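Notes to accompany the following structure.
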Amino acid sequence: MKAALPRATALKTPHLRPRMRPGSVLLPVYFILLMLPIYWMITMSLKTNEEILAGFSLWPRAVTFEHYREIFTNPAWYSGYLNSLTYVALNTVISLVIALPAAYAFSRYSFQGDKHLFFWLLTNRMAPPAVFLLPFFQLYQTVGLFDTHIGVALAHLLFNVPLAVWILEGFMSGVPREIDETAYIDGYSFGRFFFRVFIPLVRSGIGVTAFFCFMFSWIELLLARTLTSVDAKPIAAVMTRTVSASGMDWGLLAAAGVLTIVPGALVIWFVRNYIAKGFALGRV
Amino acid sequence: MTLTLDNIVKQVGTQTHLYRMSLTLQPGLNVLLGPTLAGKTSLMRLMAGLDRPSSGRIVVDGQEVTHLSVQQRSVAFVYQQFVNYPNFSVYDNIASPLKLAGLAPHLIRDRVQSVATLMHLEPVLKRLPAELSGGQQQRVAIARALVKEASLLLFDEPLVNLDYKLREELRAEMSEIFARREAVVVYSTTEPFEALTLGGQVAVLSEGRLLQQGSALEVYHHPETVRVGQVYSDPPMNLLEARLTAGRATLLSGLEFALPAHMAGLDGLYRLGVRANHAGLQPSGPDNLQLAVRVDLAELSGSETYLHTTLSGAELSGTAQGVPPHAAHLVAQLPGIHSVTPGEQATLFVDLRRMFAFDAQGQLVAAPQRLPVAAAQHPLGSR
């Protein structure tokens with residue numbers, strides 16, 4: 001009996017016969033499907049237009065950086081990036097400055113109609129941007145905000161402030177109220193407590209919120225294109241320039257596409273650990 | 001400093017958290033004793049200035065402070081949960097009230113050092129609170145409260161989230177620390193044992209009402225009402241309905257016995273109360289009442305056993321006469337560990353000399369004589 005025991009347990013160990021699990025097949029397949037368009041765009045941006053039109057090729061035969069050179073040297077192109085980055089940055093900063101105190105109020109105080117107001121904020125995000133297009137256009141023309149960076153940034157606030165308030169409120173409610181009270185007992189004034197103690201405690205939430213504001217404003221096309229003409233023209237609008245009488249400049253368009261992914265990818269890298277919590281509006 | 005709460009009431013919406021009460025606290029230890037939802041935390045929040053009373057005044061040394069903000073008062077508060085600044089090191093956590101008070105850096109260092117030594121925190125001063133054990137985290141919170149040298153120190157069940165061993169250790173340290181302070185220390189707890197070991201003054205609360213105030217032992221030996229007796233005993237005081245006439249008592253079960261000397265002269269329907277540690281399976285003296293009971297279960301607590309029993313023959317008669325069924329339920333606290341078979345018949349010996357009598361309104365009418373000091377044991381026995 002004693003001799004048989006180790007053998008019996010040895011049979012049960014899973015390392016004896018490695019078996020393929022479905023996950024080890026499905027996951028790579030899924031990944032390939034997911035990455036294929038991005039891969040295709042990157043290779044396209046490195047091919048010549050002749051090669052792109054010539055037929056099917058998995059990788060560029062003759063690698064060219066001509067398309068990227070064009071984007072970085074031609075002001076018509078790179079100003080599109082600068083315009084987009086400017087209003088996106090403005091929008092993110094303004095959203096956070098407005099949403100931080102608002103979210104604090106929603107998470108800490110109860111006042112008449114607070115729940116309704118909080119929900120109403122979210123419904124703002126549900127309205128399609130097209131609804132606001134005409135009034136914004138007409139208003140901006142008359143007050144001189146048309147074709148300015150701040151104008152686009154302000155228009156995007158309509159969607160980003162509610163989102164920012166919701167995400168931040170979730171993160172702030174995760175900080176126990178007793179910390180606020182302890183700070184007051186210790187002698188902190190409200191302002192000092194808010195900046196020295198509280199903001200550092202929700203900094204991951206602020207990072208995630210900034211990411212979401214950035215992302216929305218970066219990819220939003222309709223408002224950004226309609227409310228600008230020359231001086232604040234976003235990159236997405238500039239990209240339509242590649243269509244001309246001589247056909248389409250495929251390689252240039254692909255290169256411009258790759259460059260629009262880069263800022264988003266960089267921001268994601270910084271907030272990667274908190275992003276799931278952000279998608280759940282800070283309520284994980 | 002003297003803290004006076006003058007006719008305070010606390011209502012939140014339509015609910016009353018604290019019914020009208022007045023309370024004066026002197027420097028030294030003041031224990032708030034009461035079960036959960038008794039209003040202990042609500043009361044302490046009013047004392048601290050974190051909440052405002054719905055009506056009534058809070059007076060410190062003759063000066064009204066009811067509407068003074070927390071920052072303007074000299075208070076420190078330790079919560080039941082371990083509340084520290086998660087992004088500050090232990091040192092900065094303890095130093096924070098001093099820094100805000102604008103003390104000179106070398107003074108801050110000295111005071112933080114001495115409090116850290118007192119609370120055994122020197123080895124961890126550089127760490128963040130999250131890197132500490134629960135006991136150490138609570139020590140940090142206590143250290144931050146002590147370092148401020150506030151004139152009002154509030155401890156809201158500070159030991160409840162700690163394990164047994166740590167609780168004992170920290171409690172012993174804290175009663176030493178309290179003894180050396182000149183501040184008004186308020187300490188809330190649900191445990192009668194804690195109130196007795198810490199000593200000082202005790203205020204018994206239940207369901208938002210202040211029931212009794214006095215020295216810890218005085219209240220323990222003279223609970224003014226049945227409710228105080230219940231709150232200030234763990235397990236709650238056993239109660240027996242009895243009719244007393246001419247020096248004799250008749251229980252609902254029909255059992256008759258001679259009344260002990262301190263109850264002589266009582267006549268009518270009374271509730272007799274006896275704490276679990278004065279009921280046992282062995283006679284504890286000459287005046288023992290013997291009750292036939294059915295054992296329901298044995299509950300272990302440390303090295304003691306709580307024996308839950310039902311008085312034989314009382315269930316039916318009890319309910320028949322409109323007496324709540326719990327009147328037939330008796331708990332005995334036995335030293336050592338016992339195992340019993342549920343349903344077993346046993347004889348419970350109840351010490352008549354340790355019996356309280358409450359009238360129909362629940363007011364105390366007779367309390368046992370306190371034992372002479374030489375013979376006095378710790379009120380809760382060996383624990």
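Ordering of the structure tokens sets the chain letters (A, B, ...); residue numbers start at 1 within each chain; ligands are numbered from 1 in the order shown.
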- Task: Write down, as an MDAnalysis selection string, each residue of chain B that has any atom within 6 Å of an atom of chain A, counting only C-alpha atoms.
- Result: chainID B and resid 70:71 97
Would you put the residues from that selection into a file with C-alpha atoms, as a compact mmCIF listing (two decimals), in the first residue's frame?
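What ended up in again_11.txt:
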# COMPACT_ATOMS: atom_id res chain seq x y z
CA VAL B 70 -13.91 71.61 13.85
CA GLN B 71 -10.73 73.47 12.96
CA PRO B 97 -1.55 68.33 13.17
- Task: DSSP on the backbone, then: every residue of segment 209-363 of chain B marked strand (DSSP E or B), written as JSON, numbers by chain.
- Result: {"B": [209, 210, 211, 212, 213, 214, 215, 225, 238, 239, 240, 241, 242, 243, 244, 245, 248, 249, 250, 251, 256, 257, 258, 268, 269, 270, 271, 272, 273, 274, 279, 280, 288, 289, 290, 291, 292, 293, 294, 295, 296, 297, 298, 299, 300, 301, 304, 305, 306, 307, 308, 309, 310, 311, 329, 330, 331, 332, 333, 334, 335, 345, 346, 347, 348, 349, 350, 351, 356, 357, 358, 363]}
- With only C-alpha atoms as the basis for distance, which of B:Arg275, B:His329, B:Arg227, B:Arg353 is at the shortest distance from Ala258 of chain B?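 Result for the nearest residue to Ala258 of chain B: B:Arg353.
For the atom pair formed by atom CA of Leu18 of chain B and atom CA of Arg144 of chain B, the distance is 28.8 Å, given to one decimal.
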- Message: Let me make sure I understand: among B:Asn277, B:Thr250, B:Asn7, B:Ser96, which one has the smallest atom-to-atom distance to Gln333 of chain B if we use only C-alpha atoms?
- Response: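 Of B:Asn277, B:Thr250, B:Asn7, B:Ser96, the one nearest Gln333 of chain B is B:Asn277, counting only C-alpha atoms.
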- Message: Between B:Ala150, B:Ile108, B:Gly28, B:Gly280, which residue has the minimum interatomic distance to Ile177 of chain B, considering only C-alpha atoms?
- Response: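 Result for the nearest residue to Ile177 of chain B: B:Gly28.
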- Task: Pull the alpha helix (DSSP H) assignments for segment 30-224 of chain B out of DSSP run on the backbone, and list those residues as a ChimeraX atom specification.
- Result: /B:40-48,90-100,105-118,134-147,164-179,192-198,216-221
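Across the model, the gap from atom CA of Leu281 of chain B to atom CA of Thr347 of chain B is 6.4 Å.
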I want to know what sits within 9 Å of segment 124-136 of chain A, based on only C-alpha atoms, with residues of the same chain fewer than 2 positions away left out; could you give that as an mmCIF file with C-alpha atoms, in the first residue's frame?
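New file result-v7.cif:
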data_model
loop_
_atom_site.group_PDB
_atom_site.id
_atom_site.type_symbol
_atom_site.label_atom_id
_atom_site.label_comp_id
_atom_site.auth_asym_id
_atom_site.auth_seq_id
_atom_site.Cartn_x
_atom_site.Cartn_y
_atom_site.Cartn_z
ATOM 1 C CA TRP A 120 -29.073 64.628 -15.955
ATOM 2 C CA LEU A 121 -25.342 65.163 -16.443
ATOM 3 C CA LEU A 122 -24.996 61.725 -17.936
ATOM 4 C CA GLN A 138 -24.506 80.113 -35.552
ATOM 5 C CA LEU A 139 -23.466 81.139 -32.028
ATOM 6 C CA TYR A 140 -19.743 80.847 -32.747
ATOM 7 C CA GLN A 141 -20.076 82.893 -35.932
ATOM 8 C CA ALA A 155 -17.882 72.633 -27.646
ATOM 9 C CA LEU A 158 -20.537 69.530 -23.436
ATOM 10 C CA PHE A 159 -19.683 65.850 -23.583
ATOM 11 C CA ASN A 160 -16.504 65.656 -21.559
ATOM 12 C CA PRO A 162 -20.375 65.045 -17.557
ATOM 13 C CA LEU A 163 -18.141 62.091 -18.280
ATOM 14 C CA LEU A 222 -18.293 66.351 -36.644
ATOM 15 C CA LEU A 223 -18.147 69.343 -34.306
ATOM 16 C CA THR A 226 -17.871 72.161 -38.697
ATOM 17 C CA LEU A 227 -16.660 74.759 -36.213
#
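Between atom CA of Phe65 of chain A and atom CA of Thr43 of chain A the interatomic distance comes to 11.0 Å.
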- Item | Which residue of B:Val78, B:Val231, B:Ala332, B:Leu43 approaches Leu159 of chain B most closely, using only C-alpha atoms |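 So, comparing all the options, the nearest one is B:Val78.
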- Task: For Gln137 of chain B, please output as a VMD selection string all residues within 8 Å (counting only C-alpha atoms; exclusion window: fewer than 5 positions along the same chain).
- Result: chain B and resid 82 to 84 129 to 130 132
Selected residues written out, C-alpha atoms, as a short mmCIF file (atom, residue, chain, number, x, y, z; two decimals), in the first residue's frame:
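The resulting result_22.cif:
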data_model
loop_
_atom_site.label_atom_id
_atom_site.label_comp_id
_atom_site.auth_asym_id
_atom_site.auth_seq_id
_atom_site.Cartn_x
_atom_site.Cartn_y
_atom_site.Cartn_z
CA PHE B 82 -8.14 52.76 10.66
CA VAL B 83 -8.11 56.26 9.19
CA ASN B 84 -4.74 57.65 8.16
CA PRO B 129 0.15 53.24 6.43
CA ALA B 130 -0.85 50.59 3.88
CA LEU B 132 1.51 48.27 8.25
#
- Item | Who sits within 7 Å of Glu207 of chain B, only C-alpha atoms, same chain under 3 positions skipped, as a list in words | Leu37, Ala38 and Gly39 of chain B
- Item | Shell of 10 Å around Glu218 of chain B, only C-alpha atoms, local chain residues under 3 positions omitted, as a list of chain:residue names |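 After dropping sequence-adjacent residues, the list is B:Gln201, B:Val202, B:Gln213, B:Gly214, B:Ser215, B:His221, B:His222, B:Pro223, B:Arg370.
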- Contacts of Val93 of chain A within 12 Å, only C-alpha atoms, excl. fewer than 2 positions in-chain, as a ChimeraX atom specification: /A:86-91,95-100,150,153-154,156-157,160-161,164,206-207,209-211,213-214,217
